[in-house]
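A.B. asks: Input: one structure, supplied below.
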Amino acid sequence: MSFSLKQSALAACSDVSNSVLQRRSLSCRSSILPPLVFQNNSKRTNLSLSKPLHVSAVEIIGKDKEPVIKCRAYEADKSQPIEAAAQEVKSEAAKRVKIGIYFATWWALNVVFNIYNKKVLNAYPYPWLTSTLSLACGSLMMLISWATRIAEAPKTDFEFWKTLFPVAVAHTIGHVAATVSMSKVAVSFTHIIKSGEPAFSVLVSSLLLGESFPPAVYLSLVPIIGGCALAAVTELNFNMTGFMGAMISNLAFVFRNIFSKKGMKGNSVSGMNYYACLSMLSLVILTPFAIAVEGPQMWAAGWEKALSQIGPQWVAAQSIFYHLYNQVSYMSLDQISPLTFSIGNTMKRISVIVSSIIIFRTPVQPINAVGAAIAILGTFLYSQVSDPVIHEQTLCISDCQTCRTVIDYPTRYMNKHYFSRLFTYDLHVCFWMIFPL
């Protein structure tokens, strides 16, 4: 019997002797098939036991007393025979490089936006206006992209905008609340409190939607809540408005995710076009409220004072980077699973916290840094236990031990060194927060 299998499979499986295979073949083959003859080819066959194999074709070669049977198989999670899997490996490698570029761009743009945003808010403390300008800039950029055919315009109808409206309301509240928070407290403190969003997600889903979660999910909330509380109590420049802004932002983004999950299922608009539509609708909602809360008179008076510290290019850059980092994050979500996105979001928050402390020279007490590290660690643990991966068990037609499906559990449940590496990284973050350069 000769198999046409991937050459990248486990080589250890190729050392199985013919005598062992012949003994197993008695229990593997169907009773209607003739006796099997194994060829001693100099070219070894590599057989992978990490994924189930399905026989796609059985061909009898020769009509002698002992004919040779040639089987062709494919892996359970592939839609094509394994002969074409080499091309699949190349495309997977290219996809990983693409995702890596998305992540690096996403994190870099987010760090730059937070720096520009804080600089603008320090000189021009009008968070309602800056929030409006951020949405207006992004909307204008996407309208130009659609008009010049740089990006394909989405096909929408009234039903789409109707289902998007509650998502946009929640997005608007979360965006403004986060900006208000950053105008009152340090960037690092806002992001530490915003790392507690999973706790709001679980509480809202449990109390309002009646959903239940495994005990591990509830246990992961303990370090999140405890770490955020410790960081808030020990914050040197604590401000209640800034604290409540971050908390309201967490709650609003939880409802945004719930509305988006319920209302946008099966919708063809996704990625950057989805975020563009969301920004435009949020802009329509936010503009009248921004005028009512702050107003043109306050904006004009504050602008004269702000020009002595920053120029118009700072406000423009802040708005552009806000749209770009959100656009890239939505493009990333199209390419990866929500779990991977959640992990990337946690790492992004760490990079923003550390970079803002270094750039703005924010004073941090050791106990405050410990609280922040605990909260971030809890967020990471939550992302690991809140999305269990379930694999179905499928048997090949022979139901033999060699071809039996092996359930591929995620390595995060099996690798004992995984969490030790995470804990070491968390300690490094804590160290740089205590002793910034």
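We label chains A, B, ... in the order they appear in the structure tokens, count residues from 1 in each chain, and number ligands from 1 in the order shown.
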Please, which residues of region 129-345 of chain A, numbered as in this document, come out alpha helix (DSSP H) from DSSP, as number ranges by chain?

C.D. replies: A: 129-147, 158-184, 187-194, 197-207, 215-233, 240-263, 271-293, 295-306, 312-335, 338-345

A.B. asks: Leaving out Val187 (chain A) and any residue of its chain fewer than 3 positions from it, which residues lie within 10 Å of it when counting only C-alpha atoms, given as a PDB file with N, CA and C atoms, in the first residue's frame?

C.D. replies:
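Output contents, as saved in selection-v3.pdb:
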ATOM      1  N   ASN A 114      -2.616  57.504  20.764  1.00  0.00           N
ATOM      2  CA  ASN A 114      -2.749  57.862  22.173  1.00  0.00           C
ATOM      3  C   ASN A 114      -1.815  58.990  22.566  1.00  0.00           C
ATOM      4  N   ILE A 115      -0.624  59.032  21.979  1.00  0.00           N
ATOM      5  CA  ILE A 115       0.318  60.125  22.263  1.00  0.00           C
ATOM      6  C   ILE A 115      -0.230  61.444  21.718  1.00  0.00           C
ATOM      7  N   ASN A 117      -3.325  62.118  20.915  1.00  0.00           N
ATOM      8  CA  ASN A 117      -4.595  62.418  21.566  1.00  0.00           C
ATOM      9  C   ASN A 117      -4.379  63.102  22.913  1.00  0.00           C
ATOM     10  N   LYS A 118      -3.445  62.599  23.700  1.00  0.00           N
ATOM     11  CA  LYS A 118      -3.169  63.194  25.004  1.00  0.00           C
ATOM     12  C   LYS A 118      -2.544  64.575  24.861  1.00  0.00           C
ATOM     13  N   ALA A 178     -14.318  57.447  26.692  1.00  0.00           N
ATOM     14  CA  ALA A 178     -12.881  57.182  26.755  1.00  0.00           C
ATOM     15  C   ALA A 178     -12.075  58.459  26.547  1.00  0.00           C
ATOM     16  N   THR A 179     -12.541  59.320  25.634  1.00  0.00           N
ATOM     17  CA  THR A 179     -11.842  60.584  25.391  1.00  0.00           C
ATOM     18  C   THR A 179     -11.943  61.510  26.594  1.00  0.00           C
ATOM     19  N   SER A 181     -12.224  60.527  29.644  1.00  0.00           N
ATOM     20  CA  SER A 181     -11.332  59.950  30.648  1.00  0.00           C
ATOM     21  C   SER A 181      -9.886  60.368  30.407  1.00  0.00           C
ATOM     22  N   MET A 182      -9.450  60.307  29.151  1.00  0.00           N
ATOM     23  CA  MET A 182      -8.065  60.658  28.844  1.00  0.00           C
ATOM     24  C   MET A 182      -7.788  62.138  29.042  1.00  0.00           C
ATOM     25  N   SER A 183      -8.839  62.966  28.970  1.00  0.00           N
ATOM     26  CA  SER A 183      -8.638  64.395  29.190  1.00  0.00           C
ATOM     27  C   SER A 183      -8.466  64.731  30.664  1.00  0.00           C
ATOM     28  N   LYS A 184      -8.833  63.807  31.560  1.00  0.00           N
ATOM     29  CA  LYS A 184      -8.785  64.057  32.998  1.00  0.00           C
ATOM     30  C   LYS A 184      -7.670  63.306  33.719  1.00  0.00           C
ATOM     31  N   THR A 190      -6.217  55.276  32.220  1.00  0.00           N
ATOM     32  CA  THR A 190      -7.410  54.980  31.421  1.00  0.00           C
ATOM     33  C   THR A 190      -7.358  53.579  30.855  1.00  0.00           C
ATOM     34  N   HIS A 191      -6.216  53.178  30.331  1.00  0.00           N
ATOM     35  CA  HIS A 191      -6.108  51.851  29.718  1.00  0.00           C
ATOM     36  C   HIS A 191      -6.079  50.742  30.776  1.00  0.00           C
ATOM     37  N   ILE A 192      -5.578  51.037  31.943  1.00  0.00           N
ATOM     38  CA  ILE A 192      -5.638  50.038  33.018  1.00  0.00           C
ATOM     39  C   ILE A 192      -7.097  49.758  33.389  1.00  0.00           C
ATOM     40  N   VAL A 352       0.606  50.359  24.886  1.00  0.00           N
ATOM     41  CA  VAL A 352       0.156  51.742  25.085  1.00  0.00           C
ATOM     42  C   VAL A 352       0.494  52.219  26.493  1.00  0.00           C
ATOM     43  N   ILE A 353       0.247  51.374  27.498  1.00  0.00           N
ATOM     44  CA  ILE A 353       0.509  51.752  28.889  1.00  0.00           C
ATOM     45  C   ILE A 353       1.996  52.046  29.097  1.00  0.00           C
ATOM     46  N   VAL A 354       2.842  51.128  28.642  1.00  0.00           N
ATOM     47  CA  VAL A 354       4.285  51.291  28.853  1.00  0.00           C
ATOM     48  C   VAL A 354       4.812  52.505  28.093  1.00  0.00           C
ATOM     49  N   SER A 355       4.414  52.654  26.826  1.00  0.00           N
ATOM     50  CA  SER A 355       4.925  53.765  26.025  1.00  0.00           C
ATOM     51  C   SER A 355       4.460  55.111  26.569  1.00  0.00           C
ATOM     52  N   SER A 356       3.199  55.208  27.037  1.00  0.00           N
ATOM     53  CA  SER A 356       2.696  56.480  27.564  1.00  0.00           C
ATOM     54  C   SER A 356       3.401  56.862  28.867  1.00  0.00           C
ATOM     55  N   ILE A 357       3.708  55.862  29.699  1.00  0.00           N
ATOM     56  CA  ILE A 357       4.436  56.145  30.945  1.00  0.00           C
ATOM     57  C   ILE A 357       5.835  56.679  30.643  1.00  0.00           C
ATOM     58  N   PHE A 360       5.348  60.373  28.611  1.00  0.00           N
ATOM     59  CA  PHE A 360       4.818  61.460  29.435  1.00  0.00           C
ATOM     60  C   PHE A 360       5.421  61.484  30.841  1.00  0.00           C
ATOM     61  N   THR A 362       5.011  59.604  33.416  1.00  0.00           N
ATOM     62  CA  THR A 362       3.956  59.509  34.420  1.00  0.00           C
ATOM     63  C   THR A 362       4.500  58.868  35.689  1.00  0.00           C
TER      64      THR A 362
END

A.B. asks: Looking at A:Pro366, A:Ile374, A:Phe380, A:Arg361, which one is nearest to Thr234 (chain A), with distances taken over only C-alpha atoms?

C.D. replies: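 Between A:Pro366, A:Ile374, A:Phe380, A:Arg361, the residue approaching Thr234 (chain A) most closely is A:Pro366.
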
A.B. asks: Excluding Met347 (chain A) and its own-chain neighbours fewer than 6 positions away, which residues fall within 12 Å of it when counting only C-alpha atoms? Please give them as a PDB file with N, CA and C atoms, in the first residue's frame.

C.D. replies:
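Listed below is the output, result_33.pdb:
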ATOM      1  N   PHE A 103      -0.960  43.188  12.835  1.00  0.00           N
ATOM      2  CA  PHE A 103      -0.808  43.380  14.275  1.00  0.00           C
ATOM      3  C   PHE A 103       0.213  44.471  14.578  1.00  0.00           C
ATOM      4  N   ALA A 104       1.357  44.427  13.910  1.00  0.00           N
ATOM      5  CA  ALA A 104       2.392  45.432  14.157  1.00  0.00           C
ATOM      6  C   ALA A 104       1.889  46.834  13.806  1.00  0.00           C
ATOM      7  N   TRP A 106      -1.279  47.802  13.670  1.00  0.00           N
ATOM      8  CA  TRP A 106      -2.350  48.124  14.618  1.00  0.00           C
ATOM      9  C   TRP A 106      -1.778  48.681  15.920  1.00  0.00           C
ATOM     10  N   TRP A 107      -0.791  47.971  16.489  1.00  0.00           N
ATOM     11  CA  TRP A 107      -0.197  48.414  17.755  1.00  0.00           C
ATOM     12  C   TRP A 107       0.522  49.754  17.586  1.00  0.00           C
ATOM     13  N   ALA A 108       1.291  49.896  16.502  1.00  0.00           N
ATOM     14  CA  ALA A 108       2.051  51.142  16.297  1.00  0.00           C
ATOM     15  C   ALA A 108       1.108  52.335  16.133  1.00  0.00           C
ATOM     16  N   ASN A 110      -1.918  52.618  17.223  1.00  0.00           N
ATOM     17  CA  ASN A 110      -2.621  52.878  18.470  1.00  0.00           C
ATOM     18  C   ASN A 110      -1.753  53.647  19.442  1.00  0.00           C
ATOM     19  N   VAL A 111      -0.481  53.296  19.521  1.00  0.00           N
ATOM     20  CA  VAL A 111       0.452  54.017  20.399  1.00  0.00           C
ATOM     21  C   VAL A 111       0.583  55.459  19.946  1.00  0.00           C
ATOM     22  N   HIS A 191      -6.216  53.178  30.331  1.00  0.00           N
ATOM     23  CA  HIS A 191      -6.108  51.851  29.718  1.00  0.00           C
ATOM     24  C   HIS A 191      -6.079  50.742  30.776  1.00  0.00           C
ATOM     25  N   SER A 195      -8.924  47.810  30.744  1.00  0.00           N
ATOM     26  CA  SER A 195      -8.608  46.382  30.686  1.00  0.00           C
ATOM     27  C   SER A 195      -9.616  45.549  31.472  1.00  0.00           C
ATOM     28  N   THR A 340      -7.789  35.216  19.048  1.00  0.00           N
ATOM     29  CA  THR A 340      -6.509  35.813  18.695  1.00  0.00           C
ATOM     30  C   THR A 340      -6.586  37.333  18.741  1.00  0.00           C
ATOM     31  N   PHE A 341      -7.708  37.877  18.289  1.00  0.00           N
ATOM     32  CA  PHE A 341      -7.906  39.325  18.338  1.00  0.00           C
ATOM     33  C   PHE A 341      -7.900  39.825  19.779  1.00  0.00           C
ATOM     34  N   ILE A 353       0.247  51.374  27.498  1.00  0.00           N
ATOM     35  CA  ILE A 353       0.509  51.752  28.889  1.00  0.00           C
ATOM     36  C   ILE A 353       1.996  52.046  29.097  1.00  0.00           C
ATOM     37  N   VAL A 354       2.842  51.128  28.642  1.00  0.00           N
ATOM     38  CA  VAL A 354       4.285  51.291  28.853  1.00  0.00           C
ATOM     39  C   VAL A 354       4.812  52.505  28.093  1.00  0.00           C
ATOM     40  N   ALA A 373      -0.384  45.258  36.410  1.00  0.00           N
ATOM     41  CA  ALA A 373       0.078  43.969  35.875  1.00  0.00           C
ATOM     42  C   ALA A 373      -0.897  42.851  36.190  1.00  0.00           C
ATOM     43  N   ILE A 376      -3.957  43.179  33.832  1.00  0.00           N
ATOM     44  CA  ILE A 376      -3.642  42.772  32.461  1.00  0.00           C
ATOM     45  C   ILE A 376      -3.491  41.256  32.375  1.00  0.00           C
ATOM     46  N   LEU A 377      -2.855  40.667  33.385  1.00  0.00           N
ATOM     47  CA  LEU A 377      -2.731  39.209  33.418  1.00  0.00           C
ATOM     48  C   LEU A 377      -4.108  38.560  33.480  1.00  0.00           C
ATOM     49  N   THR A 379      -6.879  39.778  32.313  1.00  0.00           N
ATOM     50  CA  THR A 379      -7.500  39.933  30.995  1.00  0.00           C
ATOM     51  C   THR A 379      -7.004  38.870  30.035  1.00  0.00           C
ATOM     52  N   PHE A 380      -5.706  38.585  30.102  1.00  0.00           N
ATOM     53  CA  PHE A 380      -5.148  37.543  29.231  1.00  0.00           C
ATOM     54  C   PHE A 380      -5.711  36.170  29.592  1.00  0.00           C
ATOM     55  N   SER A 383      -9.167  35.739  28.229  1.00  0.00           N
ATOM     56  CA  SER A 383      -9.209  35.446  26.797  1.00  0.00           C
ATOM     57  C   SER A 383      -8.886  33.986  26.512  1.00  0.00           C
ATOM     58  N   LEU A 422       4.129  33.743  30.087  1.00  0.00           N
ATOM     59  CA  LEU A 422       3.241  34.899  30.243  1.00  0.00           C
ATOM     60  C   LEU A 422       3.527  35.637  31.539  1.00  0.00           C
ATOM     61  N   TYR A 425       6.636  37.664  31.260  1.00  0.00           N
ATOM     62  CA  TYR A 425       6.406  38.878  30.467  1.00  0.00           C
ATOM     63  C   TYR A 425       5.669  39.919  31.290  1.00  0.00           C
ATOM     64  N   ASP A 426       4.712  39.490  32.088  1.00  0.00           N
ATOM     65  CA  ASP A 426       3.949  40.404  32.932  1.00  0.00           C
ATOM     66  C   ASP A 426       4.857  41.067  33.969  1.00  0.00           C
ATOM     67  N   VAL A 429       6.728  43.853  32.279  1.00  0.00           N
ATOM     68  CA  VAL A 429       5.881  45.035  32.131  1.00  0.00           C
ATOM     69  C   VAL A 429       5.817  45.799  33.446  1.00  0.00           C
TER      70      VAL A 429
END

A.B. asks: If we count only C-alpha atoms and set the cut-off at 12 Å, which residues sit around region 211-216 of chain A, ignoring sequence neighbours fewer than 5 positions away in its own chain? Please answer as a list in words.

C.D. replies: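 My reading of the contact set: Ser201, Val202, Leu203, Val204, Ser205, Ser206, Leu221, Val222, Gly378, Leu381, Tyr382, Ser383, Gln384, Val385, Ser386, Asp387 and Pro388 of chain A.
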
A.B. asks: CA of His175 (chain A) and CA of Leu129 (chain A), how far apart in Å?

C.D. replies: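 These atoms are spaced 11.7 Å apart.
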
A.B. asks: Just the residues within 8 Å of Leu164 (chain A), please, counting only C-alpha atoms, with nothing from its chain fewer than 2 positions along; format it as a PDB file with N, CA and C atoms, in the first residue's frame.

C.D. replies:
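For reference, selection_18.pdb as written:
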ATOM      1  N   PHE A 160     -29.901  47.418   6.908  1.00  0.00           N
ATOM      2  CA  PHE A 160     -28.526  47.435   7.414  1.00  0.00           C
ATOM      3  C   PHE A 160     -28.329  48.593   8.384  1.00  0.00           C
ATOM      4  N   TRP A 161     -28.737  49.801   7.993  1.00  0.00           N
ATOM      5  CA  TRP A 161     -28.555  50.967   8.851  1.00  0.00           C
ATOM      6  C   TRP A 161     -29.423  50.878  10.105  1.00  0.00           C
ATOM      7  N   LYS A 162     -30.555  50.222   9.977  1.00  0.00           N
ATOM      8  CA  LYS A 162     -31.432  50.049  11.133  1.00  0.00           C
ATOM      9  C   LYS A 162     -30.776  49.167  12.188  1.00  0.00           C
ATOM     10  N   PRO A 166     -28.208  50.826  16.874  1.00  0.00           N
ATOM     11  CA  PRO A 166     -27.850  50.618  18.286  1.00  0.00           C
ATOM     12  C   PRO A 166     -26.354  50.382  18.480  1.00  0.00           C
ATOM     13  N   VAL A 167     -25.704  49.760  17.507  1.00  0.00           N
ATOM     14  CA  VAL A 167     -24.251  49.573  17.585  1.00  0.00           C
ATOM     15  C   VAL A 167     -23.556  50.932  17.575  1.00  0.00           C
ATOM     16  N   ALA A 168     -24.029  51.827  16.704  1.00  0.00           N
ATOM     17  CA  ALA A 168     -23.425  53.156  16.600  1.00  0.00           C
ATOM     18  C   ALA A 168     -23.656  53.978  17.861  1.00  0.00           C
ATOM     19  N   SER A 260     -23.815  44.303  18.017  1.00  0.00           N
ATOM     20  CA  SER A 260     -23.176  43.943  16.755  1.00  0.00           C
ATOM     21  C   SER A 260     -23.307  42.456  16.489  1.00  0.00           C
ATOM     22  N   GLY A 263     -27.212  41.793  15.739  1.00  0.00           N
ATOM     23  CA  GLY A 263     -27.832  42.437  14.592  1.00  0.00           C
ATOM     24  C   GLY A 263     -27.129  42.262  13.270  1.00  0.00           C
ATOM     25  N   MET A 264     -25.826  41.964  13.281  1.00  0.00           N
ATOM     26  CA  MET A 264     -25.051  41.964  12.043  1.00  0.00           C
ATOM     27  C   MET A 264     -24.710  40.566  11.554  1.00  0.00           C
ATOM     28  N   LEU A 278     -20.015  52.531  10.476  1.00  0.00           N
ATOM     29  CA  LEU A 278     -20.210  52.770  11.905  1.00  0.00           C
ATOM     30  C   LEU A 278     -19.755  54.177  12.292  1.00  0.00           C
TER      31      LEU A 278
END

A.B. asks: Mind pulling up the distance from CA of Asn237 (chain A) to CA of Ala301 (chain A)?

C.D. replies: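 Answer for the CA of Ala301 (chain A) to CA of Asn237 (chain A) separation: 26.9 Å.
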
A.B. asks: Would you kindly return, as a list in words, each protein, DNA or RNA residue with an atom no farther than 8 Å from any atom of Tyr124 (chain A), considering only C-alpha atoms and excluding same-chain residues fewer than 4 positions away?

C.D. replies: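 Near Tyr124 (chain A), the qualifying residues are Val120, Gly302, Trp303, Lys305 and Ala306 of chain A.
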
A.B. asks: Between CA of Ser139 (chain A) and CA of Val284 (chain A), what is the spacing in Å?

C.D. replies: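 Computed distance, CA of Val284 (chain A) to CA of Ser139 (chain A), equals 10.6 Å.
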
A.B. asks: Of the candidates A:Asn345, A:Thr241, A:Gln309, A:Ser188, which one gets nearest to Tyr330 (chain A) if we count only C-alpha atoms?

C.D. replies: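 With only C-alpha atoms as the atom set, the closest residue is A:Asn345.
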
A.B. asks: When distances are computed from only C-alpha atoms, which of A:Leu121, A:Ile101, A:Leu209, A:Ile367 shows the smallest separation from Lys262 (chain A)?

C.D. replies: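 Smallest separation from Lys262 (chain A) among the options: A:Leu209.
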
A.B. asks: When distances are computed from only C-alpha atoms, which of A:Cys228, A:Ala316, A:Ser351, A:Ile343 shows the smallest separation from Ala375 (chain A)?

C.D. replies: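 Closest residue, counting only C-alpha atoms: A:Cys228.
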